[in-house]
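K.L.:
I have a structure I would like to understand better, so I am pasting it below and will then ask my questions one at a time.
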Amino acid sequence: MTQATEAKTNLLTINGDRWRKPLRKLAVPALIIILWIVVSELGLAKARVIPSMADMWSALQGLLELLPAAILTTLSITLSGFFIGLVLGTAMGLVMAYSRLVREFLGSVFDFLRPVPVFALIPLFILWFGIGRAPQIALIAMGTSVVLGVTTLEAIRNVPSIYIRAALTLGASRRRIYLTVIIPYIIPHLIGAIRVAAAASWGLDVAAEFMGSQQGLGYLIVLQQTYLRTAGIIVLVIVYSILAVITDTIIALLEARVTRWTERRSGVGVVASIVGRT
Amino acid sequence: MDQPNKSANQPKIQIDHLYFSFGDTLKENLIIEDFSLDVYDQEFLSVVGPSGCGKSTLLNIIAGLLPATRGRVLLDGAEPEGPGPDRTMVFQDDAVFPWYTVRQNVEYGPRAAGMPRAEVEATATRYLQMVGLYDDRDKYPRQLSGGMRKRVDIARAMAMQPQVLLMDEPFAALDVMTKERLQEEFMTLWNAARTTVVFVTHDLEEALYLSERVVVMSRNPGRVERVMDVPLEQPRHVDVKTSAVFQEMRRELAEVLHTMHGGLEAR
C-alpha cells in the first residue's frame with residue numbers, strides 16, 4: 001500500500017468512528033422515545049400512566065412560568081446543603097485522622113450516625129427547624145457529610161507509608177505532612193465519593209421538599225401528583241435530571257484539573273479498553 | 001581500632017549496644033542483637049548482608065522512624081528525638097511525591113526547613129543541575145523513567161544538605177545499566193558534598209565501589225559479622241572494579257557471607 005492510500009484508509013476509519021460512536025450512544029435513548037410515542041399514540045396505555053408527547057408539551061407550557069423560581073429555590077437549597085456537607089465531612093475526616101483526641105471523642109458518635117437512614121430524620125428535622133429551607137439544607141448537609149467523612153478517613157488510612165516516611169526524614173512536621181502529602185494524595189480518591197454525594201444531594205432535596213415546602217421543584221411535583229398530572233411530573237423529573245447532570249459534569253471537569261498528576265489518564269490501548277476508559 | 005577519615009574525635013553516629021525486636025519481649029522476633037558501630041564524619045559506610053538480616057531495620061532506627069528496643073543511637077553524641085532533616089533517607093521504593101513536579105519535589109526539604117524563597121529556588125536549581133534534570137523540572141514524576149525518578153529522589157535528599165544521608169538499597173530496583181550510571185553519578189556527587197553516608201545494599205560490588213568501609217551483617221539475629229576497610233583512593237573510577245585488589249576484596253566478602261549462612265542472597 002502506498003502512503004497516500006494508507007492515509008486515506010486511516011482517515012476513513014477515523015471518520016467512520018466519529019459518526020458511529022455518537023450514533024451508538026444515542027441508539028438506546030432514541031429507541032425508548034420511539035417506543036413511548038408508539039405506545040401513547042396507539043393508546044396502548046392509559047394517559048395517566050404514559051402521557052402523549054402533546055400532553056408533555058402542554059405540561060411544559062403550563063409549568064414554564066413557575067419553573068425559574070422553583071429551579072432557583074431547589075438549586076440554592078441543594079447546593080448549599082451539598083457544600084456545607086462537603087466541607088464539614090472532609091474537615092471532620094481530616095481532623096479525626098489528625099487528632100487522636102478528636103477521634104476518641106467523635107469516633108463513636110460518627111459510627112452511630114453513619115448507618116442512620118437520613119430520610120427517617122425528615123419529620124424530626126421539620127419539628128426542630130420548622131418548615132422552610134433550614135431543615136432541608138440541614139438534611140442534605142448531614143447526608144453528604146457522613147459519606148464524605150467516612151471516605152476521607154478511609155482514604156487517609158490508605159496513604160502509602162513510604163511518602164510519609166520520606167516527608168518525615170525531609171524534616172516535615174505533622175501539620176506539613178497533612179498539607180503536602182495527605183491532602184494531595186487523597187483528593188483523587190475522594191472525587192468518586194464527592195460525585196456520589198452530589199447525586200445523592202438531589203435525591204435528599206426531593207425527599208425534603210416532599211415533606212414540607214411551599215416552593216421548589218419537589219413541591220411542584222407533589223402539586224402535579226395531587227392533580228394527577230403525569231406529564232407534569234415527568235417534565236419536572238427531567239428538569240431535576242438536567243440539573244444533576246450539569247453538577248456532575250462540573251465536578252468531572254474539576255476532577256481532570258486536580259488529578260493531572262495521576263496515571264489515570266495515561267493508560268492507553270489494551271489496558272484502557274479493559275478498565276472501560278475508552 | 002584504626003579508622004580512615006577520622007577527621008573528628010567524636011564519631012558522627014554512635015550505635016551503642018542496639019537491640020531490636022518486633023515482639024513484646026526482647027527474645028521474641030529478635031531482629032538486631034547487640035549491634036555496636038561508630039560511623040565517622042564524612043565517611044561512606046556500607047552495610048551488606050543476606051535479606052532479612054535487619055539492615056533496613058537498622059537504617060530505620062538511625063533515621064528515627066523505628067524506636068530501638070534496647071540500646072541507643074547517638075548523633076554527634078546526643079540522642080535525637082524522632083526523625084529529622086539531619087538524617088535524610090533515600091528508599092528503595094519510589095518515594096518521589098507524584099503530585100508534585102520534579103522541581104517542587106527537590107524544593108520540599110528546604111521549604112520545610114523554612115528557607116527563604118529565593119534560597120529555596122537557588123538550592124533546587126543547583127541540585128537539579130547536578131543530577132541533570134534541570135530541563136525536566138516542570139514534569140510530573142509519572143512522565144519520567146525509573147532512573148530519572150531515582151535521581152529526583154537523590155537530589156531531593158541532597159538538597160537538604162543533611163549531616164547524614166541514609167540510603168536503603170536505593171538502586172536495587174533499577175536495571176543494571178541505569179544502576180551503574182547512577183552509582184557513578186552518585187560517587188561524583190558524594191565526592192563534591194562529602195556528607196556522611198550509611199548505605200544499605202546486598203550488592204557486594206556496589207558496596208565496595210562506593211564505600212570506604214563495609215560492614216557485613218549476619219542474620220537471625222542481625223549482628224556485626226565483619227568490618228572491612230576499602231583502601232581505594234577517592235574519587236574512584238569505574239575501572240577500579242576490574243582491578244585485582246577490588247576483586248580480591250569482593251572474593252573475601254563473598255566468602256564471609258558464604259561461611260555465614262550459605263550466603264545465597266549475596267552476589
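Labeling convention for the C-alpha cells: chains A, B, ... as they appear, residues from 1 per chain, ligands from 1 in order of appearance.
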Compile the contact shell of Gln224 (chain A) as a list in words: residues with an atom at most 12 Å away, counting only C-alpha atoms, same-chain residues fewer than 6 positions apart removed.
P.N.:
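Residues meeting the cut-off are Arg48, Ala59, Leu60, Gly62, Leu63, Phe210, Leu217, Gly218, Thr230, Ala231, Gly232, Ile233, Ile234, Val235, Leu236 and Val237 of chain A.
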K.L.:
Would you export the selected residues with N, CA, C and O atoms as a PDB file, in the first residue's frame, please?
P.N.:
ATOM      1  N   ARG A  48     -52.805   8.467  31.979  1.00  0.00           N
ATOM      2  CA  ARG A  48     -52.304   8.770  33.306  1.00  0.00           C
ATOM      3  C   ARG A  48     -50.986   8.026  33.590  1.00  0.00           C
ATOM      4  O   ARG A  48     -50.188   8.414  34.408  1.00  0.00           O
ATOM      5  N   ALA A  59     -47.903  20.416  29.295  1.00  0.00           N
ATOM      6  CA  ALA A  59     -47.490  20.451  30.702  1.00  0.00           C
ATOM      7  C   ALA A  59     -46.315  21.405  30.875  1.00  0.00           C
ATOM      8  O   ALA A  59     -46.262  22.192  31.808  1.00  0.00           O
ATOM      9  N   LEU A  60     -45.392  21.305  29.919  1.00  0.00           N
ATOM     10  CA  LEU A  60     -44.214  22.178  29.970  1.00  0.00           C
ATOM     11  C   LEU A  60     -44.643  23.636  29.854  1.00  0.00           C
ATOM     12  O   LEU A  60     -44.190  24.502  30.610  1.00  0.00           O
ATOM     13  N   GLY A  62     -47.461  24.906  30.664  1.00  0.00           N
ATOM     14  CA  GLY A  62     -48.139  25.306  31.896  1.00  0.00           C
ATOM     15  C   GLY A  62     -47.167  25.586  33.035  1.00  0.00           C
ATOM     16  O   GLY A  62     -47.410  26.436  33.888  1.00  0.00           O
ATOM     17  N   LEU A  63     -46.072  24.844  33.050  1.00  0.00           N
ATOM     18  CA  LEU A  63     -45.127  24.982  34.154  1.00  0.00           C
ATOM     19  C   LEU A  63     -44.108  26.088  33.941  1.00  0.00           C
ATOM     20  O   LEU A  63     -43.432  26.519  34.870  1.00  0.00           O
ATOM     21  N   PHE A 210     -40.733  17.048  49.420  1.00  0.00           N
ATOM     22  CA  PHE A 210     -41.992  16.302  49.502  1.00  0.00           C
ATOM     23  C   PHE A 210     -42.641  16.497  50.869  1.00  0.00           C
ATOM     24  O   PHE A 210     -43.840  16.591  50.997  1.00  0.00           O
ATOM     25  N   LEU A 217     -38.836  22.611  43.097  1.00  0.00           N
ATOM     26  CA  LEU A 217     -39.240  21.610  42.114  1.00  0.00           C
ATOM     27  C   LEU A 217     -39.965  20.436  42.765  1.00  0.00           C
ATOM     28  O   LEU A 217     -40.953  19.922  42.215  1.00  0.00           O
ATOM     29  N   GLY A 218     -39.466  20.013  43.926  1.00  0.00           N
ATOM     30  CA  GLY A 218     -40.080  18.887  44.630  1.00  0.00           C
ATOM     31  C   GLY A 218     -41.513  19.216  45.018  1.00  0.00           C
ATOM     32  O   GLY A 218     -42.415  18.381  44.890  1.00  0.00           O
ATOM     33  N   THR A 230     -49.555  13.378  35.213  1.00  0.00           N
ATOM     34  CA  THR A 230     -48.355  12.569  34.999  1.00  0.00           C
ATOM     35  C   THR A 230     -47.325  13.302  34.144  1.00  0.00           C
ATOM     36  O   THR A 230     -46.129  13.285  34.434  1.00  0.00           O
ATOM     37  N   ALA A 231     -47.816  13.952  33.100  1.00  0.00           N
ATOM     38  CA  ALA A 231     -46.899  14.641  32.181  1.00  0.00           C
ATOM     39  C   ALA A 231     -46.082  15.690  32.928  1.00  0.00           C
ATOM     40  O   ALA A 231     -44.867  15.809  32.737  1.00  0.00           O
ATOM     41  N   GLY A 232     -46.753  16.419  33.823  1.00  0.00           N
ATOM     42  CA  GLY A 232     -46.067  17.452  34.596  1.00  0.00           C
ATOM     43  C   GLY A 232     -44.973  16.856  35.467  1.00  0.00           C
ATOM     44  O   GLY A 232     -43.871  17.404  35.584  1.00  0.00           O
ATOM     45  N   ILE A 233     -45.278  15.701  36.079  1.00  0.00           N
ATOM     46  CA  ILE A 233     -44.280  15.050  36.932  1.00  0.00           C
ATOM     47  C   ILE A 233     -43.059  14.683  36.102  1.00  0.00           C
ATOM     48  O   ILE A 233     -41.918  14.956  36.497  1.00  0.00           O
ATOM     49  N   ILE A 234     -43.307  14.096  34.927  1.00  0.00           N
ATOM     50  CA  ILE A 234     -42.176  13.681  34.084  1.00  0.00           C
ATOM     51  C   ILE A 234     -41.339  14.890  33.673  1.00  0.00           C
ATOM     52  O   ILE A 234     -40.111  14.859  33.722  1.00  0.00           O
ATOM     53  N   VAL A 235     -42.010  15.982  33.311  1.00  0.00           N
ATOM     54  CA  VAL A 235     -41.273  17.195  32.938  1.00  0.00           C
ATOM     55  C   VAL A 235     -40.366  17.637  34.094  1.00  0.00           C
ATOM     56  O   VAL A 235     -39.182  17.942  33.901  1.00  0.00           O
ATOM     57  N   LEU A 236     -40.908  17.637  35.305  1.00  0.00           N
ATOM     58  CA  LEU A 236     -40.127  18.084  36.458  1.00  0.00           C
ATOM     59  C   LEU A 236     -38.978  17.125  36.780  1.00  0.00           C
ATOM     60  O   LEU A 236     -37.885  17.558  37.164  1.00  0.00           O
ATOM     61  N   VAL A 237     -39.227  15.823  36.587  1.00  0.00           N
ATOM     62  CA  VAL A 237     -38.148  14.841  36.811  1.00  0.00           C
ATOM     63  C   VAL A 237     -37.009  15.098  35.824  1.00  0.00           C
ATOM     64  O   VAL A 237     -35.827  15.045  36.183  1.00  0.00           O
TER      65      VAL A 237
END
K.L.:
Identify every residue of chain B that has at least one atom within 10 Å of any atom of chain A, counting only C-alpha atoms, and report the result as a PyMOL selection string.
P.N.:
chain B and resi 60+63-65+82-101+108-113+139-143+153+156-157+159-160+162+165-166
K.L.:
Which parts of region 36-228 of chain B does DSSP call strand (DSSP E or B) when run on the backbone here, written out as JSON, numbers by chain?
P.N.:
{"B": [36, 37, 38, 39, 44, 45, 46, 47, 48, 70, 71, 72, 73, 74, 75, 78, 87, 88, 89, 90, 164, 165, 166, 167, 168, 196, 197, 198, 199, 200, 213, 214, 215, 216, 217, 222, 224, 225, 226, 227, 228]}
K.L.:
Tell me which protein, DNA and RNA residues are within 8 Å of region 131-138 of chain A, counting only C-alpha atoms, leaving out same-chain ones fewer than 4 positions away, and put them as a count of residues only.
P.N.:
14
K.L.:
As an MDAnalysis selection string, which residues of region 42-207 of chain B does DSSP assign to helix (DSSP H, G or I)?
P.N.:
chainID B and resid 55:63 102:112 117:130 134:136 141:143 146:158 176:193 204:207
K.L.:
Identify, on the basis of only C-alpha atoms, every residue whose closest approach to Gln163 (chain B) does not exceed 10 Å; exclude the query and any residue fewer than 5 positions from it along the same chain; express the result as a count of residues only.
P.N.:
14
K.L.:
Please report the interatomic distance between CA of Ile84 (chain A) and CA of Asp248 (chain A) in Å with one decimal.
P.N.:
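Taking CA of Ile84 (chain A) as the start and CA of Asp248 (chain A) as the end point, the length is 17.2 Å.
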K.L.:
Which residues, written as an NGL selection string, have at least one atom at most 8 Å from region 235-242 of chain B, with only C-alpha atoms counted and residues fewer than 5 positions away on the same chain left out?
P.N.:
:B and (184 or 187-188 or 191 or 205 or 209 or 247)
K.L.:
Counting only C-alpha atoms, figure out which residue out of B:Leu128, B:Val106, B:Met228, B:Ala254 gets nearest to Ser46 (chain B).
P.N.:
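Ranked by minimum distance to Ser46 (chain B), first place goes to B:Met228.
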K.L.:
Which value, in Å to one decimal, gives the distance between CA of Glu225 (chain B) and CA of Gln14 (chain B)?
P.N.:
17.4 Å
K.L.:
As an exercise, work out the distance from CA of Arg151 (chain B) to CA of Ser56 (chain B) in Å and give it to one decimal place.
P.N.:
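That distance, rounded to one decimal, is 20.6 Å.
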K.L.:
For Ala200 (chain A), list every protein, DNA or RNA residue within 10 Å, evaluated using only C-alpha atoms, and leave out those in the same chain fewer than 5 positions away; present the list as a VMD selection string.
P.N.:
chain A and resid 78 82 140 143 to 144 194 to 195 205 to 206 244
K.L.:
Include C-alpha atoms and write out the residues we just selected as a compact mmCIF listing (two decimals), in the first residue's frame.
P.N.:
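File again17.txt, as written:
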# COMPACT_ATOMS: atom_id res chain seq x y z
CA THR A 78 -29.32 21.57 47.22
CA PHE A 82 -24.05 19.85 49.43
CA ILE A 140 -28.72 17.39 52.70
CA GLY A 143 -26.36 13.02 54.34
CA THR A 144 -23.39 14.39 52.40
CA ILE A 194 -17.96 13.62 46.01
CA ARG A 195 -19.80 12.71 42.80
CA ASP A 205 -33.67 17.53 48.23
CA VAL A 206 -36.63 15.85 46.53
CA ALA A 244 -27.95 16.73 38.39
